[in-house]
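K.L.:
Just so it is clear, I am handing over upload.txt, which has compact mmCIF, C-alpha atoms.
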```txt
# COMPACT_ATOMS: atom_id res chain seq x y z
CA MET A 1141 35.69 5.95 -5.95
CA ASN A 1142 35.24 8.88 -8.29
CA ARG A 1143 31.84 10.36 -9.15
CA LYS A 1144 31.35 8.37 -12.35
CA LEU A 1145 32.13 5.05 -10.69
CA THR A 1146 29.95 5.88 -7.72
CA PHE A 1147 27.09 6.77 -10.08
CA LEU A 1148 27.37 3.54 -12.06
CA ILE A 1149 27.72 1.26 -9.04
CA ALA A 1150 24.78 2.88 -7.24
CA ALA A 1151 22.55 2.60 -10.32
CA LEU A 1152 23.48 -1.06 -10.75
CA GLU A 1153 22.93 -1.91 -7.08
CA ALA A 1154 19.56 -0.16 -7.05
CA ALA A 1155 18.53 -2.28 -10.03
CA ILE A 1156 19.69 -5.38 -8.15
CA VAL A 1157 17.63 -4.38 -5.11
CA ALA A 1158 14.56 -4.03 -7.34
CA ALA A 1159 15.27 -7.35 -9.08
CA ILE A 1160 15.58 -9.19 -5.76
CA GLY A 1161 12.43 -7.55 -4.42
CA VAL A 1162 10.37 -8.59 -7.43
CA GLY A 1163 12.10 -11.98 -7.70
CA ILE A 1164 11.17 -12.97 -4.13
CA THR A 1165 7.60 -13.51 -5.29
CA LEU A 1166 8.09 -13.92 -9.04
CA ALA A 1167 10.37 -16.97 -8.74
CA PRO A 1168 7.94 -19.17 -6.73
CA LEU A 1169 4.94 -17.92 -8.71
CA THR A 1170 6.74 -18.82 -11.93
CA VAL A 1171 7.43 -22.33 -10.60
CA VAL A 1172 3.75 -22.75 -9.81
CA TRP A 1173 2.83 -21.44 -13.27
CA LEU A 1174 5.21 -23.91 -14.93
CA PHE A 1175 4.10 -27.03 -13.08
CA GLU A 1176 0.43 -26.22 -12.48
CA ASN A 1177 -0.23 -24.23 -15.59
CA ASP A 1178 -3.78 -23.55 -16.74
CA PRO A 1179 -3.58 -23.16 -20.54
CA SER A 1180 -5.78 -20.08 -20.30
CA ILE A 1181 -3.30 -18.31 -17.99
CA ASP A 1182 -0.15 -16.78 -19.42
CA TRP A 1183 3.03 -15.81 -17.58
CA LEU A 1184 1.91 -12.17 -17.35
CA VAL A 1185 -0.39 -13.13 -14.46
CA PRO A 1186 2.41 -14.15 -12.03
CA TYR A 1187 4.47 -11.24 -13.35
CA ARG A 1188 1.73 -8.70 -12.64
CA THR A 1189 1.08 -10.27 -9.24
CA SER A 1190 4.74 -9.99 -8.26
CA ALA A 1191 4.94 -6.41 -9.50
CA ASP A 1192 1.78 -5.50 -7.58
CA ILE A 1193 3.12 -7.00 -4.34
CA TRP A 1194 6.45 -5.22 -4.82
CA LEU A 1195 4.67 -1.91 -5.38
CA MET A 1196 2.44 -2.50 -2.34
CA ALA A 1197 5.53 -3.03 -0.19
CA HIS A 1198 6.51 0.56 -1.03
CA GLY A 1199 3.10 1.98 -0.10
CA THR A 1200 1.40 1.91 -3.50
CA ARG A 1201 -2.33 1.22 -3.42
CA LEU A 1202 -3.99 -1.37 -5.63
CA MET A 1203 -7.36 -0.68 -7.21
CA VAL A 1204 -9.67 -3.64 -7.73
CA SER A 1205 -12.41 -3.04 -10.26
CA GLU A 1206 -16.04 -3.89 -9.71
CA GLY A 1207 -16.84 -7.53 -10.40
CA ALA A 1208 -13.16 -8.42 -10.79
CA LEU A 1209 -13.15 -11.46 -8.46
CA GLY A 1210 -14.42 -14.17 -10.76
CA SER A 1211 -18.13 -14.91 -10.51
CA VAL A 1212 -18.52 -13.09 -7.21
CA ALA A 1213 -19.90 -9.60 -7.71
CA VAL A 1214 -17.97 -7.13 -5.59
CA PRO A 1215 -17.86 -3.34 -5.67
CA GLU A 1216 -14.69 -1.47 -6.52
CA PHE A 1217 -12.31 -1.39 -3.58
CA VAL A 1218 -8.75 -0.51 -2.62
CA ILE A 1219 -5.99 -2.69 -1.15
CA SER A 1220 -3.79 -0.41 0.91
CA MET A 1221 -2.25 -2.55 3.67
CA LEU A 1222 1.52 -2.91 3.39
CA PRO A 1223 2.99 -6.44 3.49
CA LEU A 1224 5.47 -5.38 6.15
CA GLY A 1225 7.62 -8.48 5.73
CA MET A 1226 8.41 -7.47 2.16
CA THR A 1227 8.71 -3.81 3.16
CA PHE A 1228 11.34 -4.61 5.81
CA VAL A 1229 13.36 -6.76 3.36
CA VAL A 1230 13.44 -4.03 0.72
CA GLY A 1231 14.19 -1.35 3.31
CA TYR A 1232 17.08 -3.38 4.71
CA MET A 1233 18.58 -3.90 1.24
CA ALA A 1234 18.29 -0.17 0.55
CA PHE A 1235 19.98 0.60 3.87
CA LYS A 1236 22.84 -1.77 2.99
CA LEU A 1237 23.14 -0.04 -0.39
CA GLY A 1238 23.54 3.27 1.41
CA ARG A 1239 26.23 1.81 3.66
CA ARG A 1240 28.20 0.61 0.65
CA LEU A 1241 28.22 4.15 -0.70
CA THR A 1242 30.21 5.28 2.33
CA SER A 1243 33.39 3.98 0.69
CA ALA A 1244 33.13 6.87 -1.81
CA SER A 1245 34.41 10.38 -1.15
CA GLU A 1246 31.07 11.92 -2.20
CA LEU A 1247 27.58 10.54 -1.68
CA TRP A 1248 25.35 12.70 -3.88
CA PRO A 1249 26.18 10.94 -7.19
CA GLY A 1250 25.14 7.66 -5.60
CA TRP A 1251 21.93 9.16 -4.24
CA ILE A 1252 20.94 10.49 -7.66
CA ALA A 1253 21.89 7.32 -9.54
CA ALA A 1254 20.15 4.91 -7.13
CA THR A 1255 16.97 6.97 -7.02
CA ALA A 1256 16.85 7.45 -10.79
CA SER A 1257 17.51 3.78 -11.51
CA TYR A 1258 14.91 2.62 -9.00
CA GLY A 1259 12.44 5.21 -10.25
CA GLY A 1260 12.81 4.02 -13.83
CA ILE A 1261 12.21 0.42 -12.79
CA SER A 1262 9.19 1.34 -10.68
CA PHE A 1263 7.70 3.29 -13.58
CA LEU A 1264 8.21 0.29 -15.85
CA LEU A 1265 6.63 -2.11 -13.37
CA SER A 1266 3.67 0.11 -12.53
CA THR A 1267 2.98 0.57 -16.25
CA THR A 1268 3.38 -3.06 -17.36
CA ALA A 1269 1.52 -4.39 -14.30
CA HIS A 1270 -1.59 -2.41 -15.21
CA ASN A 1271 -4.66 -4.56 -15.77
CA ASP A 1272 -8.28 -3.57 -16.01
CA ALA A 1273 -9.20 -5.91 -13.16
CA ILE A 1274 -6.41 -5.08 -10.67
CA TYR A 1275 -4.02 -2.22 -11.16
CA PRO A 1276 -1.71 0.00 -9.08
CA VAL A 1277 -2.29 3.72 -8.75
CA THR A 1278 0.12 4.83 -11.46
CA TRP A 1279 1.53 7.98 -9.87
CA GLN A 1280 2.08 6.19 -6.57
CA GLY A 1281 3.79 3.29 -8.33
CA THR A 1282 6.07 5.77 -10.08
CA PHE A 1283 7.08 8.00 -7.16
CA PHE A 1284 6.66 5.98 -3.94
CA PRO A 1285 9.33 3.29 -4.60
CA PRO A 1286 12.17 5.73 -5.45
CA ALA A 1287 11.22 7.94 -2.49
CA PHE A 1288 11.22 4.83 -0.26
CA LEU A 1289 14.63 3.75 -1.54
CA PHE A 1290 16.10 7.24 -1.26
CA PHE A 1291 15.05 7.50 2.38
CA PHE A 1292 16.79 4.28 3.43
CA VAL A 1293 19.82 4.88 1.23
CA LEU A 1294 20.13 8.33 2.81
CA ILE A 1295 19.92 6.90 6.34
CA GLY A 1296 22.41 4.13 5.56
CA SER A 1297 24.92 6.41 3.85
CA LEU A 1298 24.81 9.16 6.47
CA PHE A 1299 24.50 7.21 9.70
CA GLY A 1300 25.48 3.61 8.91
CA LYS A 1301 28.89 2.26 9.84
CA ARG A 1302 31.38 3.11 7.14
CA GLU A 1303 32.61 0.30 4.90
CA ALA A 1304 36.15 -0.78 5.79
CA ILE A 1305 37.23 -0.68 2.16
CA GLY A 1306 37.00 3.10 2.16
CA ASP A 1307 39.48 3.46 5.00
CA ALA A 1308 41.70 0.71 3.59
CA MET A 1309 41.98 2.54 0.27
CA GLY A 1310 42.68 5.86 1.99
CA ILE A 1311 39.48 7.45 0.69
CA PRO A 1312 38.46 10.40 2.88
CA GLU A 1313 35.18 10.43 4.76
CA PRO A 1314 32.31 11.58 2.49
CA THR A 1315 31.78 15.32 2.87
CA GLU A 1316 28.03 14.86 3.23
CA ARG A 1317 28.48 12.63 6.30
CA ILE A 1318 30.84 15.14 7.89
CA TRP A 1319 28.55 18.10 7.21
CA VAL A 1320 25.33 16.39 8.38
CA ARG A 1321 26.88 15.02 11.55
CA ALA A 1322 28.43 18.37 12.38
CA TYR A 1323 25.09 20.10 11.74
CA LEU A 1324 23.18 17.66 13.95
CA LEU A 1325 25.80 18.03 16.68
CA ARG A 1326 25.39 21.82 16.58
CA GLN A 1327 21.61 21.46 16.76
CA PHE A 1328 21.92 19.03 19.67
CA ASN A 1329 24.24 21.37 21.58
CA SER A 1330 21.87 24.30 21.02
CA MET A 1331 18.90 22.43 22.52
CA HIS A 1332 17.53 23.26 25.94
CA TRP A 1333 19.63 21.56 28.59
CA ALA A 1334 16.70 19.46 29.82
CA ILE A 1335 15.95 18.08 26.34
CA ARG A 1336 19.63 17.43 25.69
CA ALA A 1337 19.98 15.45 28.90
CA MET A 1338 16.72 13.56 28.31
CA LEU A 1339 16.98 12.61 24.65
CA SER A 1340 19.33 9.62 24.69
CA PRO A 1341 18.02 7.75 27.77
CA ALA A 1342 14.39 8.39 26.84
CA PHE A 1343 14.94 7.12 23.30
CA ARG A 1344 16.71 4.00 24.57
CA ALA A 1345 14.01 3.18 27.11
CA GLY A 1346 11.07 4.02 24.84
CA THR A 1347 12.49 1.90 22.01
CA GLY A 1348 13.17 -0.86 24.52
CA VAL A 1349 9.50 -0.85 25.56
CA VAL A 1350 8.45 -1.25 21.92
CA ALA A 1351 11.00 -4.02 21.31
CA ILE A 1352 9.94 -6.00 24.39
CA THR A 1353 6.25 -5.64 23.54
CA LEU A 1354 6.83 -6.81 19.98
CA GLY A 1355 8.96 -9.68 21.24
CA VAL A 1356 6.27 -10.85 23.65
CA SER A 1357 3.72 -10.52 20.84
CA SER A 1358 5.87 -12.76 18.63
CA VAL A 1359 6.06 -15.40 21.35
CA LEU A 1360 2.32 -15.14 21.96
CA ILE A 1361 1.56 -15.69 18.26
CA ALA A 1362 3.93 -18.68 18.11
CA VAL A 1363 2.23 -20.21 21.16
CA LEU A 1364 -1.23 -19.66 19.66
CA ILE A 1365 -0.16 -21.35 16.42
CA ALA A 1366 1.17 -24.32 18.43
CA LEU A 1367 -1.99 -24.57 20.53
CA ASN A 1368 -4.32 -24.18 17.54
CA TRP A 1369 -2.36 -26.37 15.12
CA ILE A 1370 -5.44 -28.47 14.35
CA GLN A 1371 -7.42 -25.44 13.22
CA PHE A 1372 -4.31 -24.19 11.42
CA THR A 1373 -4.11 -27.46 9.45
CA ARG A 1374 -7.82 -27.53 8.70
CA LEU A 1375 -7.68 -24.05 7.21
CA TYR A 1376 -4.90 -25.21 4.88
CA GLU A 1377 -6.92 -28.27 3.90
CA GLY A 1378 -10.06 -26.21 3.40
CA LEU A 1379 -8.36 -24.09 0.76
CA HIS A 1380 -7.68 -27.20 -1.38
CA VAL A 1381 -4.31 -25.98 -2.61
CA SER A 1382 -1.52 -28.14 -4.01
CA ILE A 1383 1.90 -28.45 -2.41
CA LEU A 1384 3.27 -25.63 -4.51
CA GLY A 1385 0.15 -23.58 -3.83
CA GLY A 1386 0.61 -24.21 -0.12
CA ILE A 1387 4.19 -22.96 -0.34
CA ILE A 1388 3.02 -19.78 -2.07
CA LEU A 1389 0.31 -19.33 0.55
CA THR A 1390 2.87 -19.75 3.32
CA LEU A 1391 5.21 -17.18 1.76
CA GLY A 1392 2.32 -14.75 1.50
CA GLN A 1393 1.51 -15.19 5.17
CA ILE A 1394 5.16 -14.67 6.10
CA ALA A 1395 4.97 -11.35 4.23
CA ILE A 1396 2.15 -10.18 6.51
CA LEU A 1397 3.45 -11.84 9.69
CA PRO A 1398 5.01 -8.56 10.94
CA ASN A 1399 1.57 -6.96 10.55
CA VAL A 1400 0.11 -9.67 12.79
CA ILE A 1401 2.91 -9.16 15.33
CA VAL A 1402 2.06 -5.45 15.52
CA TYR A 1403 -1.61 -6.40 16.01
CA GLY A 1404 -0.52 -8.65 18.87
CA ALA A 1405 1.44 -5.80 20.43
CA SER A 1406 -1.66 -3.61 20.27
CA TRP A 1407 -3.65 -6.42 21.87
CA LEU A 1408 -1.16 -6.53 24.75
CA THR A 1409 -1.72 -2.83 25.42
CA GLY A 1410 -5.47 -3.42 25.74
CA VAL A 1411 -6.35 -1.40 22.64
CA GLY A 1412 -6.73 -4.44 20.42
CA PHE A 1413 -7.30 -4.47 16.68
CA ALA A 1414 -10.03 -5.00 14.10
CA ILE A 1415 -10.40 -7.53 11.31
CA GLY A 1416 -13.24 -5.86 9.50
CA GLU A 1417 -15.42 -2.88 10.29
CA GLY A 1418 -17.38 -3.29 13.51
CA SER A 1419 -15.08 -5.97 14.92
CA MET A 1420 -12.73 -5.68 17.86
CA ILE A 1421 -10.24 -8.18 19.27
CA SER A 1422 -8.79 -7.16 22.64
CA PRO A 1423 -8.24 -8.56 26.16
CA LEU A 1424 -11.39 -6.72 27.23
CA GLY A 1425 -13.51 -8.83 24.90
CA THR A 1426 -13.88 -9.91 21.31
CA VAL A 1427 -16.46 -9.10 18.67
CA VAL A 1428 -15.70 -10.53 15.23
CA GLY A 1429 -17.51 -11.23 12.00
CA PRO A 1430 -16.49 -13.55 9.16
CA LEU A 1431 -12.70 -13.78 8.90
CA PRO A 1432 -10.58 -14.33 5.78
CA ALA A 1433 -9.92 -18.04 5.23
CA LEU A 1434 -6.19 -17.74 5.93
CA PRO A 1435 -4.44 -20.23 8.24
CA ILE A 1436 -2.68 -17.38 10.04
CA THR A 1437 -6.03 -16.30 11.51
CA ALA A 1438 -5.61 -19.28 13.85
CA ALA A 1439 -2.84 -17.27 15.52
CA LEU A 1440 -5.12 -14.34 16.36
CA PRO A 1441 -5.99 -14.04 20.08
CA ILE A 1442 -9.70 -14.32 19.37
CA GLY A 1443 -11.88 -14.77 22.41
CA GLN A 1444 -11.17 -13.32 25.84
CA ALA A 1445 -7.92 -14.85 27.07
CA GLU A 1446 -7.89 -16.69 30.37
CA PHE A 1447 -5.38 -14.23 31.76
CA GLY A 1448 -7.51 -11.30 30.55
CA LEU A 1449 -6.17 -7.93 31.61
CA ILE A 1450 -2.92 -9.47 32.85
CA ALA A 1451 -1.74 -9.04 29.25
CA VAL A 1452 -1.84 -5.27 29.72
CA LEU A 1453 0.95 -5.63 32.28
CA VAL A 1454 3.41 -6.51 29.51
CA PRO A 1455 4.08 -2.94 28.23
CA MET A 1456 3.97 -1.65 31.81
CA LEU A 1457 6.55 -4.19 32.98
CA ALA A 1458 8.61 -3.39 29.90
CA ALA A 1459 8.52 0.29 30.84
CA PHE A 1460 9.62 -0.50 34.38
CA ILE A 1461 12.50 -2.76 33.30
CA THR A 1462 13.85 -0.51 30.54
CA THR A 1463 13.70 2.59 32.75
CA LEU A 1464 15.76 0.82 35.40
CA LEU A 1465 18.27 -0.43 32.82
CA ILE A 1466 19.06 3.02 31.43
CA ARG A 1467 20.47 4.31 34.72
CA ARG A 1468 24.03 4.40 33.38
CA HIS A 1469 22.83 6.43 30.39
CA ALA A 1470 21.00 8.94 32.60
CA ALA A 1471 24.08 10.50 34.19
CA ASP A 1472 23.37 13.87 32.57
CA ILE A 1473 19.85 13.86 34.01
CA ARG A 1474 21.14 13.15 37.50
CA PHE A 1475 23.66 15.96 37.14
CA GLU A 1476 21.46 18.59 35.47
CA PHE A 1477 18.27 18.16 37.52
CA ALA A 1478 18.27 19.24 41.14
CA SER A 1479 14.92 17.67 42.10
CA ALA A 1480 14.08 13.96 42.03
CA TRP A 1481 10.48 14.82 41.17
CA SER A 1482 11.35 16.96 38.17
CA ALA A 1483 13.89 14.42 36.90
CA ALA A 1484 11.56 11.42 37.27
CA ILE A 1485 8.51 13.11 35.79
CA SER A 1486 10.46 14.53 32.85
CA LEU A 1487 12.13 11.23 32.01
CA GLY A 1488 8.95 9.19 32.47
CA LEU A 1489 6.90 11.46 30.23
CA ALA A 1490 9.63 11.46 27.57
CA ILE A 1491 9.79 7.65 27.58
CA GLY A 1492 6.01 7.48 27.26
CA VAL A 1493 6.01 9.86 24.29
CA ILE A 1494 8.70 7.95 22.40
CA ALA A 1495 7.10 4.54 23.00
CA ALA A 1496 3.69 5.89 21.98
CA VAL A 1497 4.97 7.52 18.79
CA GLU A 1498 6.96 4.45 17.70
CA LEU A 1499 4.07 2.04 18.26
CA GLY A 1500 1.67 4.50 16.64
CA ILE A 1501 3.81 4.61 13.49
CA LEU A 1502 4.00 0.82 13.37
CA ALA A 1503 0.23 0.59 13.84
CA ALA A 1504 -0.40 2.99 10.96
CA LEU A 1505 1.96 1.05 8.69
CA ALA A 1506 0.45 -2.32 9.62
CA SER A 1507 -3.16 -1.28 9.04
CA GLY A 1508 -5.18 -0.68 5.92
CA SER A 1509 -7.77 -2.07 3.56
CA VAL A 1510 -7.59 -5.64 2.23
CA GLY A 1511 -10.97 -6.14 0.63
CA PRO A 1512 -14.44 -4.79 -0.08
CA GLY A 1513 -17.08 -3.83 2.45
CA ARG A 1514 -16.15 -4.47 6.06
CA LEU A 1515 -12.62 -5.54 5.11
CA GLU A 1516 -11.81 -1.94 4.23
CA THR A 1517 -11.00 -1.56 7.94
CA VAL A 1518 -8.27 -3.93 9.13
CA GLY A 1519 -5.76 -3.13 11.84
CA ILE A 1520 -5.37 -0.64 14.66
CA ASN A 1521 -6.50 2.86 15.49
CA PRO A 1522 -3.04 4.46 15.83
CA TRP A 1523 -4.25 7.53 17.73
CA MET A 1524 -6.04 5.50 20.38
CA LEU A 1525 -3.00 3.23 20.67
CA MET A 1526 -0.69 6.21 21.16
CA VAL A 1527 -2.84 7.67 23.94
CA VAL A 1528 -3.14 4.36 25.80
CA VAL A 1529 0.54 3.48 25.44
CA PHE A 1530 1.58 6.93 26.65
CA ILE A 1531 -0.56 6.61 29.79
CA GLU A 1532 0.57 3.04 30.55
CA VAL A 1533 4.26 3.58 29.89
CA ALA A 1534 4.63 7.08 31.35
CA SER A 1535 2.89 6.22 34.63
CA VAL A 1536 5.22 3.28 35.30
CA ALA A 1537 8.35 4.93 33.88
CA ILE A 1538 7.93 7.90 36.23
CA LEU A 1539 8.01 5.56 39.23
CA ALA A 1540 11.05 3.68 37.96
CA ALA A 1541 12.79 6.94 37.06
CA PHE A 1542 12.98 7.85 40.76
CA PHE A 1543 15.75 5.25 40.81
CA SER A 1544 17.27 5.82 37.37
CA ALA A 1545 17.18 9.63 37.30
CA ARG A 1546 17.31 10.70 40.94
CA PRO A 1547 20.01 13.37 41.29
CA ASP A 1548 23.00 12.05 43.18
CA LYS A 1549 23.39 15.35 45.03
CA PRO A 1550 22.40 19.00 44.57
CA ASP A 1551 24.36 20.61 41.77
CA HIS A 1552 24.34 24.13 43.18
CA PRO A 1553 26.34 25.41 46.19
CA LEU A 1554 23.33 27.17 47.73
CA LEU A 1555 21.28 23.99 47.59
CA SER A 1556 24.13 22.02 49.16
CA ARG A 1557 24.43 24.59 51.96
CA LYS A 1558 20.67 24.50 52.55
CA HIS A 1559 20.73 20.70 52.90
CA LYS A 1560 23.61 20.93 55.38
CA VAL A 1561 21.73 23.51 57.50
CA ASN A 1562 18.60 21.38 57.57
```
Show me, as structure tokens, the structure contained in the file I just sent.
P.N.:
Amino acid sequence: MNRKLTFLIAALEAAIVAAIGVGITLAPLTVVWLFENDPSIDWLVPYRTSADIWLMAHGTRLMVSEGALGSVAVPEFVISMLPLGMTFVVGYMAFKLGRRLTSASELWPGWIAATASYGGISFLLSTTAHNDAIYPVTWQGTFFPPAFLFFFVLIGSLFGKREAIGDAMGIPEPTERIWVRAYLLRQFNSMHWAIRAMLSPAFRAGTGVVAITLGVSSVLIAVLIALNWIQFTRLYEGLHVSILGGIILTLGQIAILPNVIVYGASWLTGVGFAIGEGSMISPLGTVVGPLPALPITAALPIGQAEFGLIAVLVPMLAAFITTLLIRRHAADIRFEFASAWSAAISLGLAIGVIAAVELGILAALASGSVGPGRLETVGINPWMLMVVVFIEVASVAILAAFFSARPDKPDHPLLSRKHKVN
């Protein structure tokens, strides 16, 4: 593809990504508006709601004016928590857009076109979605979505698998991919030998710890929903919503389900999470106040679980298993390090750092404000989570690394001779 074609296709696909993102919520809300229409409500209400949710998925904050919630007097507050389900969907579509650009010989026209197109749409939505009662922060609504899209398009176009159509048409590899990969390879080769040997196995094991912990959290939440299905049903009935309203409510809860899964992962580490200022839900004990009347709250591990601190073993077992499984990726460590102690401690600490940072980032993204007063604090303290995860994971990973990273034999002739003499 030439520059002009790349520019046009990228601009069009960015507009499609935005349309799908807004349409995910606008379509069902429009159906509800059509069949359960209150004559006093016009179509701008579901439109603004969809635009607000789309903007929130990109990190834009919503401002709620004082006294905006019907007859209930509430102070002005901010809604800042990302609906991670929507965020992941939009991020995945942006990543796929970036991958499709790899069939071009140059990437920069696509980057510019996609970002500009998405930025124009986000400016339009943030402007038209403005309402005196609930409105997005205008500058965030203008700049956050295009920056979000650009990041994932950049990652997809530079590091995603190249589209087969590019090779089939004989189009050369994009120069940007070649330059960036060559630059990163030079930087990797110039690193200290210990970091270079440690990076890949530590990243694999640390990411594996996070994946296992999130997976166990997902299973735990599913089990809690199954066990508490009566309470789950009663919460639906208590909201007195119609069938269509129940569908909308379910879709909204699916959008925040990844947030709840991250909360469950934090619970498994022992740190826990808060639903409102002054509350704490953890295996060590639970202190909660009034909870939002959402059925998904039935899936929260409220109350001290029967297995108590056994839950904390999940990330520790994950660290042990993943550290053992990376043995075949730790060949450089076993060759470069001469001491089992130095190899095990270095690898274990590196795994702990990566797991802690990844979970800390997820905790920060999953937390935020959802209402006035005490509901301004919902989620996890990411710094506390990072410290606890580092201690739990690193301590176990160091022990397992004595198997995974133990040097096969001394890598220096003098050391070999010394061992023979002894």
K.L.:
Go ahead and compute the interatomic distance for CA of Leu1449 in chain A and CA of Gly1425 in chain A, in Å to one decimal.
P.N.:
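Interatomic distance, CA of Leu1449 in chain A to CA of Gly1425 in chain A: 10.0 Å.
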K.L.:
Could you please give me, as number ranges by chain, the residues of protein, DNA or RNA lying at most 9 Å from (1.4, 2.7, -1.3) in the coordinate frame of the file, considering only C-alpha atoms?
P.N.:
A: 1195-1202, 1220-1222, 1276-1277, 1280-1281, 1284-1285
K.L.:
Between CA of Leu1487 in chain A and CA of Ile1450 in chain A, what is the distance in Å, rounded to a tenth?
P.N.:
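Interatomic distance, CA of Leu1487 in chain A to CA of Ile1450 in chain A: 25.6 Å.
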K.L.:
Let me make sure I understand: among A:Leu1434, A:Ser1507, A:Arg1546, A:Gly1492, which one has the smallest atom-to-atom distance to Arg1344 in chain A if we use all atoms listed in the file?
P.N.:
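The shortest atom-to-atom distance to Arg1344 in chain A comes from A:Gly1492.
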K.L.:
Nearest residue to Leu1289 in chain A out of A:Leu1397, A:Ile1415, A:Leu1408, A:Leu1237, using all atoms listed in the file?
P.N.:
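Smallest distance to Leu1289 in chain A is found for A:Leu1237.
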K.L.:
Counting all atoms listed in the file, find the residues whose atoms lie at most 12 Å from (18.7, 8.9, -11.3) (file coordinates) and write them out as an MDAnalysis selection string.
P.N.:
chainID A and resid 1147:1148 1150:1152 1154:1155 1248:1261 1286:1287 1289:1290
K.L.:
Tell me, as a PDB file with C-alpha atoms, in the coordinates of the input, which residues lie within 9 Å of Ala1496 in chain A, counting only C-alpha atoms; anything in the same chain fewer than 3 positions away does not count.
P.N.:
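Output (out.pdb):
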```pdb
ATOM      1  CA  GLY A1346      11.070   4.020  24.840  1.00  0.00           C
ATOM      2  CA  VAL A1350       8.450  -1.250  21.920  1.00  0.00           C
ATOM      3  CA  ILE A1491       9.790   7.650  27.580  1.00  0.00           C
ATOM      4  CA  GLY A1492       6.010   7.480  27.260  1.00  0.00           C
ATOM      5  CA  VAL A1493       6.010   9.860  24.290  1.00  0.00           C
ATOM      6  CA  LEU A1499       4.070   2.040  18.260  1.00  0.00           C
ATOM      7  CA  GLY A1500       1.670   4.500  16.640  1.00  0.00           C
ATOM      8  CA  ILE A1501       3.810   4.610  13.490  1.00  0.00           C
ATOM      9  CA  LEU A1525      -3.000   3.230  20.670  1.00  0.00           C
ATOM     10  CA  MET A1526      -0.690   6.210  21.160  1.00  0.00           C
ATOM     11  CA  VAL A1527      -2.840   7.670  23.940  1.00  0.00           C
ATOM     12  CA  VAL A1528      -3.140   4.360  25.800  1.00  0.00           C
ATOM     13  CA  VAL A1529       0.540   3.480  25.440  1.00  0.00           C
ATOM     14  CA  PHE A1530       1.580   6.930  26.650  1.00  0.00           C
ATOM     15  CA  ILE A1531      -0.560   6.610  29.790  1.00  0.00           C
ATOM     16  CA  VAL A1533       4.260   3.580  29.890  1.00  0.00           C
TER      17      VAL A1533
END
```
K.L.:
Which residue is closest to Lys1144 in chain A? Choose from A:Ile1466, A:Ala1244, A:Leu1375, A:Leu1384 and count all atoms listed in the file.
P.N.:
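The closest residue to Lys1144 in chain A is A:Ala1244.
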K.L.:
Using CA of Asn1271 in chain A and CA of Arg1188 in chain A as the two end points, give the distance in Å to one decimal.
P.N.:
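Atom-to-atom, CA of Asn1271 in chain A and CA of Arg1188 in chain A are spaced 8.2 Å apart.
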K.L.:
Which residue is closest to Ala1345 in chain A? Choose from A:Ser1297, A:Thr1462, A:Ser1190, A:Thr1170 and count only C-alpha atoms.
P.N.:
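Counting only C-alpha atoms, the residue closest to Ala1345 in chain A is A:Thr1462.
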K.L.:
Compile the contact shell of Ala1438 in chain A as a PDB file with C-alpha atoms, in the coordinates of the input: residues with an atom at most 12 Å away, counting only C-alpha atoms, same-chain residues fewer than 6 positions apart removed.
P.N.:
```
ATOM      1  CA  ILE A1361       1.560 -15.690  18.260  1.00  0.00           C
ATOM      2  CA  ALA A1362       3.930 -18.680  18.110  1.00  0.00           C
ATOM      3  CA  VAL A1363       2.230 -20.210  21.160  1.00  0.00           C
ATOM      4  CA  LEU A1364      -1.230 -19.660  19.660  1.00  0.00           C
ATOM      5  CA  ILE A1365      -0.160 -21.350  16.420  1.00  0.00           C
ATOM      6  CA  ALA A1366       1.170 -24.320  18.430  1.00  0.00           C
ATOM      7  CA  LEU A1367      -1.990 -24.570  20.530  1.00  0.00           C
ATOM      8  CA  ASN A1368      -4.320 -24.180  17.540  1.00  0.00           C
ATOM      9  CA  TRP A1369      -2.360 -26.370  15.120  1.00  0.00           C
ATOM     10  CA  ILE A1370      -5.440 -28.470  14.350  1.00  0.00           C
ATOM     11  CA  GLN A1371      -7.420 -25.440  13.220  1.00  0.00           C
ATOM     12  CA  PHE A1372      -4.310 -24.190  11.420  1.00  0.00           C
ATOM     13  CA  THR A1373      -4.110 -27.460   9.450  1.00  0.00           C
ATOM     14  CA  ARG A1374      -7.820 -27.530   8.700  1.00  0.00           C
ATOM     15  CA  LEU A1375      -7.680 -24.050   7.210  1.00  0.00           C
ATOM     16  CA  TYR A1376      -4.900 -25.210   4.880  1.00  0.00           C
ATOM     17  CA  GLN A1393       1.510 -15.190   5.170  1.00  0.00           C
ATOM     18  CA  VAL A1400       0.110  -9.670  12.790  1.00  0.00           C
ATOM     19  CA  LEU A1431     -12.700 -13.780   8.900  1.00  0.00           C
ATOM     20  CA  PRO A1432     -10.580 -14.330   5.780  1.00  0.00           C
TER      21      PRO A1432
END
```
